[in-house]
Amino acid sequence: MQNTTVNSVGLSLNACIKCNICTSYCPVSEVTDSFPGPKYAAPQSERFRDFGHPYYEDDSGPISRPLAAGRMPDASVDYCSGCRVCNEVCPTGVRIAEINARARARIVAARGLSLRNRLLGRNELLGRMGSVAPGLANFALHNPLSRKLAASLFGVAEKAPLPRWHRETLNRWLARTRAQRLRSERKVIYFHGCATQYYEPFVGMAAILVLEHLGYEVIVPPQNCCGLPMLSNGEFGAAESYHRRNVARLAQYVNAGYPILGTSTSCTLTLKEEAPELLDLESDAGTRALKLATWDVFEWLRERLDQDQLPSDLRPLKQSDQPFILPYHAPCQLRAHRIGKPALDLLARIPNLDLRESQARCCGIAGTYGYKTEKYQIAMDVGRELFDYVASQANESDSDSRGPVSFTACDSETCRWQLEHGTGLPSRHPIELLAAAYGLYDLQARRPAGGN
Amino acid sequence: MLDLLVIGAGLTGLFAAYTAARAGLHVRVIAHGAGATHWHAGTIDLLGYVENRDEAVANWTQALPELPPAHPYRLLGVDAIATALDAFQQFTVAAALPYVRPGTIMSLPAPSASEDESSQTRGQVEQIDNDNLGRNCQLISPVGAPRPVYLAPTAQQAGNLEDDRPLVIVGLEGMPEFYPALSAENLQKQGFYARTATLNLSPLLRRRDISPLQMARTLDKLDAQAQFTEMVADMAAPGERVGLPALLGMDAHTRLLTQLQEAVVDRGRDSAQHSDRRGTVLSVFEIPTLPPSVPGLRLDAALRIQLAGLGVRVEIGMEVCGFHATGRRIQWIETETGSRPLRHTARNYLLATGGILGGGIYADRCGRVKETVFDLPLTAPHARSHWLRPLFLDKRGHPIFQAGVSVNHHFRPLDQSGAPVYDNLWAAGSILAHTDPIRERSREGIAIATGYAAANGVIKSQ
C-alpha cells in the first residue's frame with residue numbers, strides 16, 4: 001500500500017503520464033476557461049513551483065522554504081473546486097486535488113485571505129452565532145436586501161442556497177431527550193459536523209435513532225469544526241488548530257476503541273485523510289488513531305449488514321404498491337473515501353424502493369465554492385448534469401404512470417442544498433430514508449416519528 | 001454474494017462484465033482509475049503486424065499460425081475469436097454504436113432512441129460472410145498513415161484506404177493537436193488526392209483552447225450541430241470524402257453524423273440520385289486524435305450504460321492493496337480507502353488490470369516486475385538488461401512488453417509448474433504474456449476475445 005506522507009502528495013506528480021483522462025472528466029474546466037484543467041494546474045505546473053513540493057528535506061527533516069518570486073502558483077488554481085473527480089479517475093494515482101489545495105494555501109500564505117473566504121471558512125462560528133436566535137438570524141440573512149448586500153459587499157452569491165438555522169440545535173435536542181436515549185454496553189461515537197448541529201439537527205436525530213435501533217448507545221462528545229472549509233480556502237494554520245482540538249477531544253474515545261461515525265461525508269473525509277495529509281500530520285499519533293477510527297455512517301452500517309447484524313424490520317416508505325422512485329447521488333466527497341457507495345447497499349434493503357443511481361460527476365457546489373459570486377454560475381453549470389439526470393428520472397416515471405419523483409437523496413449537506421436549488425425537489429440524507437423505513441422518522445416533516 | 005468481481009475497467013473488464021451479467025451472473029467492476037479505453041482510437045484492431053514481417057497483416061485468420069504457440073489468439077483459435085467478435089458486434093448494435101468491418105456496405109443508423117424518441121430503428125449490422133472473415137482494412141491515422149483495423153464504428157468507415165475517392169482533411173483553427181497538412185501530405189505520397197481545409201469554430205465555442213472533447217460536447221447541442229453541418233457542407237466539394245478530427249459529438253453523435261452525411265451527399269449528388277437519401281456510401285469520417293480519445297470515450301460510455309442497465313456497478317478509484325486466499329481459493333481482496341482497507345468478497349475474480357501502462361504490472365528500476373494484485377508468477381525477461389533491444393523502433397519490439405501472466409486454455413493464471421494458481425481466478429486482456437498488443441496492433445482484439453472467453457469460463461464454472 002502506498003504510504004501517504006507529505007512527500008507522496010508532491011512527488012505523486014511524477015506518476016503523471018499526461019494521458020489527459022483527468023482533463024476529460026474535470027467538471028469545472030468543462031464549463032469555464034477560468035480553470036485550465038487538472039493536468040495543467042496540478043502535475044504540470046507544480047513541477048515548476050519550488051522544486052515540486054512546498055517542503056524539502058534536509059538532515060533535520062522537512063522544512064518549508066520561502067517562495068521565490070515567480071514561483072507563485074498561478075491564480076487559476078483557485079478555480080479548482082476540490083471535487084477530487086480527477087483523483088478518482090487518474091489511472092496512475094496522482095494526488096491532483098491535494099496538489100491544488102497546497103498551491104492555493106501557498107497563495108493565501110503569501111497574499112492573505114479575503115474577508116469573504118475567511119467568513120466562509122468559519123462555518124462553526126456562523127452556526128453558533130445564528131443559533132442564539134435562529135428566527136432573527138434567518139430573517140437577517142434570508143431577505144432579498146441582505147442577500148444583495150452580502151453579494152455586493154462580500155461576494156457571497158445572491159442566489160446560492162444558504163442554509164437556515166434550525167430552531168433547536170442537535171445538542172439541545174440531545175439534552176431535552178436525555179431520558180429517552182438508549183444506554184448500552186455497545187457504544188459508538190457520533191461526529192455531527194457543523195451543518196447537523198446548527199442547520200439540520202434532524203439528520204443527526206435520524207442517525208442516532210437508527211444506531212439505537214441496532215442496539216448501540218450513541219455518545220456525542222464535545223467537538224468542533226473538522227477544518228475542511230478552512231482547508232479548501234487555503235487557511236491551513238487555522239485548520240490545523242481546529243483539527244488538533246478534535247484529536248484531543250476525541251482521543252479518550254478513540255483510545256477506548258469506539259468507532260467515530262459521521263453523517264457528513266466531507267467531515268469524515270477530513271478526519272480520515274484531508275487534514276492528516278494536507279497538514280502533514282500523518283506521523284502524529286493522535287491524528288493517525290483518529291483517522292483509523294473514523295467511519296462514514298453507511299460504511300459502518302454496511303459492515304453490520306455483512307455480518308447479519310442489521311434489523312430486518314424495514315418497511316416500504318409509502319403505503320402503496322407503487323415503487324418509491326429515488327434518484328441517489330453519491331457526492332464526490334463520499335467517492336473520495338474510496339469505500340464504494342455503501343448507502344446503496346443499505347437502501348436496497350428497503351422494500352419497494354426503486355433506487356436510481358446517478359453517474360453525474362459533481363453537483364457543483366463543492367463546499368464553499370458555489371457560494372462565491374464569481375463561481376456561482378460555474379457551480380450551477382457543473383451541476384446541470386445532475387439536475388438533468390434527476391429531471392429525466394421524473395419524466396420517465398411520469399410516462400410510466402407511476403408516482404412522480406418526490407425526493408432525491410445525497411450524503412453531503414451542501415450537495416443536498418445545491419440539489420434542492422437546482423431541481424426544486426426536497427433532498428434527504430440516506431440515513432433519513434433508512435430511519436423512516438424503520439418507522440423511526442417522519443421523512444416529510446424531518447423529525448422523529450411521534451414528534452420528539 | 002457477487003458471482004464475479006472484475007478488477008479493471010478497460011475494454012477487457014467492461015466487456016467481460018457485460019458478457020457475464022448478460023448470462024445472469026451478479027457482477028461488479030472495480031478499478032484504480034478510468035480504463036485504457038480513453039486512450040485508444042475506438043476501433044477494434046485485431047492483428048495488424050506479426051514479427052519478422054514488414055507489411056501489415058491482410059487477413060488475421062491466416063496470420064494466426066505465425067504467432068507464438070502460447071499467444072492468447074493461439075489458445076483461442078479462429079472460431080472462438082470470431083464468436084467473441086460477433087458477441088461484441090451484437091453489443092454495439094444494442095448500444096446504438098454499431099461496429100462493422102470497413103468496406104462492408106452498411107446503411108447509416110438512425111439516431112438512437114435516446115437521441116430521437118420518434119425513431120425506434122437502429123443500424124443494421126450485416127454478418128461478416130466467410131469470404132471476408134479476417135480481412136483487415138486500412139484506415140487513415142492522424143498523420144495520414146495507414147493503420148490496420150478489423151472493426152470500426154460508423155464514424156470511421158469512410159476513412160478506408162481501399163476507397164480511392166478524393167479526400168479533404170479538415171482542421172480547426174485553434175486546435176493544437178491535429179495537423180491536416182501533415183495528414184494530407186502523407187496521403188498524397190501514397191497516391192491519394194487529398195487537400196486540406198480549415199474551419200473556424202469560434203462562433204460555436206467561445207473558449208481559449210479547443211480540445212476534441214469540449215468540441216464533441218458542444219456539438220451535442222442541436223443549434224451547434226446545425227451550424228457545424230452548414231460549415232462542413234459549404235466546404236466539401238462534390239464527390240469528396242470529408243475527414244474531420246474525431247469530435248463529432250458524444251451523446252448525440254449519431255444524429256450529427258447522419259446530418260453531416262446527408263448534407264455532404266446532397267451537395268455532391270445530381271437530382272437523379274436524389275431519391276436515395278440515406279445513401280449507402282459514407283462520405284464523412286472521423287480521424288482519431290491524441291488522448292483523451294472521443295471514439296474511445298463513446299465506447300466506454302456505451303459499455304457503462306449497458307452495464308448500468310444490467311445492474312452492474314462500476315466503482316472507480318479503488319486500488320487493490322491485499323488479498324486473502326485459503327489453499328487454492330481466493331476468499332477476498334482488499335482495496336485502500338481513506339482509512340481502513342475495504343474488503344470485496346466474490347465467488348470468482350477476473351484480473352483485467354492491463355499491462356505495464358495500465359498498471360497491472362509494475363516494473364521497477366532494479367529490474368523486478370510484479371503483478372500488482374495477486375503477485376502472480378510472471379513470464380518476463382530475467383534481467384533488466386534483457387528488457388529492451390538496442391534500437392527503439394526494432395520491428396521485433398522489446399521483450400519487456402511481452403511480460404505478463406501465463407494462462408491455460410480457460411484463461412486461468414498458471415504457476416511455474418503449469419497448474420492453475422487459484423481455482424476461482426481468471427485473467428484477460430493486456431496483462432497476458434506472450435503478446436505485445438501495441439506492436440501487434442491487437443489491443444482491442446485481445447481485450448474482447450480473451451475477456452469474452454474468461455467470462456464464459458466463469459459462467460460455465462457456476
# chains A, B, ... in the order shown; residues from 1 in each chain; ligands from 1
call {"tool": "select_by_dssp", "arguments": {"residues": "range 237-406 of chain A", "states": "alpha helix (DSSP H)", "output": "number ranges by chain"}}
result
A: 237-255, 265-269, 275-278, 285-293, 297-306, 332-335, 342-347, 373-399
call {"tool": "residues_around", "arguments": {"residues": "Tyr371 in chain A", "least_positions_apart": "5", "cutoff": "6 Å", "atoms": "only C-alpha atoms", "output": "NGL selection string"}}
result
:A and (156-157 or 160 or 376)
call {"tool": "residues_around", "arguments": {"residues": "Arg335 in chain A", "least_positions_apart": "5", "cutoff": "9 Å", "atoms": "only C-alpha atoms", "output": "list in words"}}
result
Arg84, Val85, Glu88, Ala330, Gly340 and Lys341 of chain A; Ile316 and Gly317 of chain B
call {"tool": "select_by_dssp", "arguments": {"residues": "range 187-236 of chain A", "states": "strand (DSSP E)", "output": "PDB file with N, CA and C atoms, in the first residue's frame"}}
result
ATOM      1  N   LYS A 187     -21.184   0.792  22.322  1.00  0.00           N
ATOM      2  CA  LYS A 187     -21.235   2.243  22.153  1.00  0.00           C
ATOM      3  C   LYS A 187     -20.575   2.668  20.839  1.00  0.00           C
ATOM      4  N   VAL A 188     -21.126   3.702  20.246  1.00  0.00           N
ATOM      5  CA  VAL A 188     -20.464   4.368  19.119  1.00  0.00           C
ATOM      6  C   VAL A 188     -20.429   5.867  19.408  1.00  0.00           C
ATOM      7  N   ILE A 189     -19.497   6.547  18.746  1.00  0.00           N
ATOM      8  CA  ILE A 189     -19.367   7.996  18.902  1.00  0.00           C
ATOM      9  C   ILE A 189     -19.921   8.646  17.637  1.00  0.00           C
ATOM     10  N   TYR A 190     -20.682   9.702  17.795  1.00  0.00           N
ATOM     11  CA  TYR A 190     -21.241  10.389  16.629  1.00  0.00           C
ATOM     12  C   TYR A 190     -20.543  11.727  16.427  1.00  0.00           C
ATOM     13  N   PHE A 191     -19.972  11.901  15.232  1.00  0.00           N
ATOM     14  CA  PHE A 191     -19.392  13.197  14.848  1.00  0.00           C
ATOM     15  C   PHE A 191     -20.410  13.873  13.939  1.00  0.00           C
ATOM     16  N   GLU A 217     -25.503   2.433  22.034  1.00  0.00           N
ATOM     17  CA  GLU A 217     -25.594   3.726  22.711  1.00  0.00           C
ATOM     18  C   GLU A 217     -24.770   4.727  21.907  1.00  0.00           C
ATOM     19  N   VAL A 218     -25.335   5.889  21.676  1.00  0.00           N
ATOM     20  CA  VAL A 218     -24.645   6.887  20.862  1.00  0.00           C
ATOM     21  C   VAL A 218     -24.116   8.007  21.759  1.00  0.00           C
ATOM     22  N   ILE A 219     -22.818   8.148  21.796  1.00  0.00           N
ATOM     23  CA  ILE A 219     -22.196   9.219  22.586  1.00  0.00           C
ATOM     24  C   ILE A 219     -21.869  10.374  21.643  1.00  0.00           C
TER      25      ILE A 219
END
call {"tool": "closest_atom_pairs", "arguments": {"of": "chain B", "to": "chain A", "cutoff": "10 Å", "atoms": "only C-alpha atoms", "output": "tab-separated table"}}
result
residue	atom	partner	partner_atom	distance
B:Met1	CA	A:Asp306	CA	9.8
B:Ile30	CA	A:Gly340	CA	9.0
B:Ala31	CA	A:Pro91	CA	8.6
B:His32	CA	A:Pro91	CA	6.0
B:Gly33	CA	A:Pro91	CA	4.0
B:Ala34	CA	A:Val89	CA	4.8
B:Gly35	CA	A:Pro91	CA	7.2
B:Ala36	CA	A:Pro91	CA	8.5
B:His38	CA	A:Ile21	CA	6.9
B:Trp39	CA	A:Cys19	CA	7.3
B:Arg206	CA	A:Asp33	CA	9.2
B:Arg207	CA	A:Asp33	CA	6.4
B:Arg208	CA	A:Asp33	CA	6.8
B:Asp209	CA	A:Asp33	CA	8.4
B:Ser211	CA	A:Ser24	CA	9.2
B:Pro212	CA	A:Ser24	CA	9.6
B:Leu213	CA	A:Ser24	CA	6.7
B:Gln214	CA	A:Glu30	CA	6.6
B:Arg217	CA	A:Glu30	CA	9.0
B:Leu290	CA	A:Cys19	CA	8.8
B:Pro291	CA	A:Cys19	CA	6.0
B:Pro292	CA	A:Asn20	CA	5.7
B:Ser293	CA	A:Ile21	CA	9.2
B:Val294	CA	A:Ser24	CA	9.5
B:Leu297	CA	A:Ser24	CA	9.2
B:Arg304	CA	A:Gln359	CA	9.9
B:Ile305	CA	A:Gln359	CA	9.9
B:Ala308	CA	A:Glu357	CA	8.8
B:Arg313	CA	A:Glu357	CA	9.3
B:Val314	CA	A:Gly340	CA	9.3
B:Glu315	CA	A:Gly340	CA	6.3
B:Ile316	CA	A:Glu88	CA	6.3
B:Gly317	CA	A:Glu88	CA	4.5
B:Met318	CA	A:Arg338	CA	6.0
B:Glu319	CA	A:Met1	CA	8.7
B:Val320	CA	A:Met1	CA	8.3
B:Cys321	CA	A:Met1	CA	5.3
B:Gly322	CA	A:Met1	CA	8.1
B:Thr335	CA	A:Arg338	CA	8.3
B:Glu336	CA	A:Met1	CA	7.2
B:Thr337	CA	A:Arg338	CA	4.9
B:Gly338	CA	A:His337	CA	5.0
B:Ser339	CA	A:Leu292	CA	5.3
B:Arg340	CA	A:Leu292	CA	6.2
B:Pro341	CA	A:Ile339	CA	8.8
B:Leu342	CA	A:Ile339	CA	6.6
B:Arg343	CA	A:Ile339	CA	9.5
B:Leu357	CA	A:Thr92	CA	9.0
B:Gly358	CA	A:Pro91	CA	7.3
B:Gly359	CA	A:Thr92	CA	7.3
call {"tool": "write_last_selection", "arguments": {"atoms": "C-alpha atoms", "output": "CSV table (one decimal), in the first residue's frame"}}
result
chain,number,residue,atom,x,y,z
B,1,MET,CA,-22.6,-12.5,-2.7
B,30,ILE,CA,-13.7,-2.1,-9.5
B,31,ALA,CA,-10.7,-0.2,-10.9
B,32,HIS,CA,-7.9,2.1,-9.7
B,33,GLY,CA,-8.8,4.7,-12.4
B,34,ALA,CA,-10.6,5.1,-15.6
B,35,GLY,CA,-9.7,2.5,-18.2
B,36,ALA,CA,-7.4,2.5,-21.2
B,38,HIS,CA,-9.8,6.5,-23.0
B,39,TRP,CA,-6.5,6.2,-24.8
B,206,ARG,CA,-16.1,30.8,-27.1
B,207,ARG,CA,-13.2,29.1,-25.4
B,208,ARG,CA,-9.4,29.7,-25.4
B,209,ASP,CA,-8.4,26.2,-26.3
B,211,SER,CA,-9.9,20.2,-27.1
B,212,PRO,CA,-11.6,17.5,-29.1
B,213,LEU,CA,-13.6,16.5,-26.0
B,214,GLN,CA,-15.0,20.0,-25.4
B,217,ARG,CA,-19.7,18.0,-26.1
B,290,LEU,CA,-4.5,12.3,-29.1
B,291,PRO,CA,-5.9,11.1,-25.8
B,292,PRO,CA,-8.5,11.5,-24.4
B,293,SER,CA,-9.9,9.9,-27.4
B,294,VAL,CA,-13.6,10.8,-28.2
B,297,LEU,CA,-14.9,7.6,-24.6
B,304,ARG,CA,-21.2,1.7,-18.9
B,305,ILE,CA,-24.7,2.4,-20.0
B,308,ALA,CA,-25.9,0.0,-15.6
B,313,ARG,CA,-21.9,-1.2,-10.6
B,314,VAL,CA,-18.6,0.1,-11.8
B,315,GLU,CA,-16.6,1.6,-9.0
B,316,ILE,CA,-13.6,3.7,-9.9
B,317,GLY,CA,-10.8,5.0,-7.6
B,318,MET,CA,-10.2,1.6,-5.9
B,319,GLU,CA,-6.6,0.4,-5.7
B,320,VAL,CA,-6.1,-3.2,-4.5
B,321,CYS,CA,-3.8,-3.4,-1.5
B,322,GLY,CA,-4.1,-7.0,-0.4
B,335,THR,CA,-8.7,-2.0,-1.6
B,336,GLU,CA,-7.2,1.0,0.1
B,337,THR,CA,-9.5,3.7,1.3
B,338,GLY,CA,-9.1,7.0,3.2
B,339,SER,CA,-8.9,4.9,6.4
B,340,ARG,CA,-9.0,1.1,6.7
B,341,PRO,CA,-8.8,-1.4,3.8
B,342,LEU,CA,-12.1,-2.3,2.2
B,343,ARG,CA,-12.9,-6.0,1.7
B,357,LEU,CA,0.8,1.0,-19.0
B,358,GLY,CA,-2.5,0.1,-17.5
B,359,GLY,CA,-1.0,-0.7,-14.1
call {"tool": "residues_around", "arguments": {"residues": "range 130-135 of chain A", "least_positions_apart": "3", "cutoff": "7 Å", "atoms": "only C-alpha atoms", "output": "PyMOL selection string"}}
result
chain A and resi 126-127+138-139+165-167+198
call {"tool": "residues_around", "arguments": {"residues": "Thr169 in chain A", "least_positions_apart": "2", "cutoff": "6 Å", "atoms": "only C-alpha atoms", "output": "number ranges by chain"}}
result
A: 171-172, 197-198, 201
call {"tool": "residues_around", "arguments": {"residues": "Val168 in chain B", "least_positions_apart": "2", "cutoff": "9 Å", "atoms": "only C-alpha atoms", "output": "count of residues only"}}
result
16
call {"tool": "atom_distance", "arguments": {"atom1": "CA of Ala346 in chain B", "atom2": "CA of Leu2 in chain B"}}
result
4.6 Å
call {"tool": "closest_residue", "arguments": {"among": "A:Leu149, A:Ile107, A:Ala42, A:Ile260", "to": "Asn233 in chain A", "atoms": "only C-alpha atoms"}}
result
A:Ile107
call {"tool": "residues_around", "arguments": {"residues": "Asp394 in chain B", "least_positions_apart": "5", "cutoff": "12 Å", "atoms": "only C-alpha atoms", "output": "list in words"}}
result
Glu51, Asn52, Asp54, Leu388, Arg389, Pro399 and Arg439 of chain B
call {"tool": "write_last_selection", "arguments": {"atoms": "C-alpha atoms", "output": "PDB file, in the first residue's frame"}}
result
ATOM      1  CA  GLU B  51       7.092 -10.467 -36.039  1.00  0.00           C
ATOM      2  CA  ASN B  52       9.587 -10.535 -38.906  1.00  0.00           C
ATOM      3  CA  ASP B  54       7.226  -5.672 -42.719  1.00  0.00           C
ATOM      4  CA  LEU B 388      14.911  -3.637 -24.240  1.00  0.00           C
ATOM      5  CA  ARG B 389      16.630  -4.087 -27.583  1.00  0.00           C
ATOM      6  CA  PRO B 399      10.920  -8.312 -24.671  1.00  0.00           C
ATOM      7  CA  ARG B 439       3.297  -3.585 -31.571  1.00  0.00           C
TER       8      ARG B 439
END
call {"tool": "atom_distance", "arguments": {"atom1": "CA of Leu151 in chain B", "atom2": "CA of Pro102 in chain B"}}
result
6.6 Å
call {"tool": "closest_residue", "arguments": {"among": "A:Gln418, A:Ser406, A:Ser412, A:Asn100", "to": "Gln444 in chain A", "atoms": "only C-alpha atoms"}}
result
A:Ser406
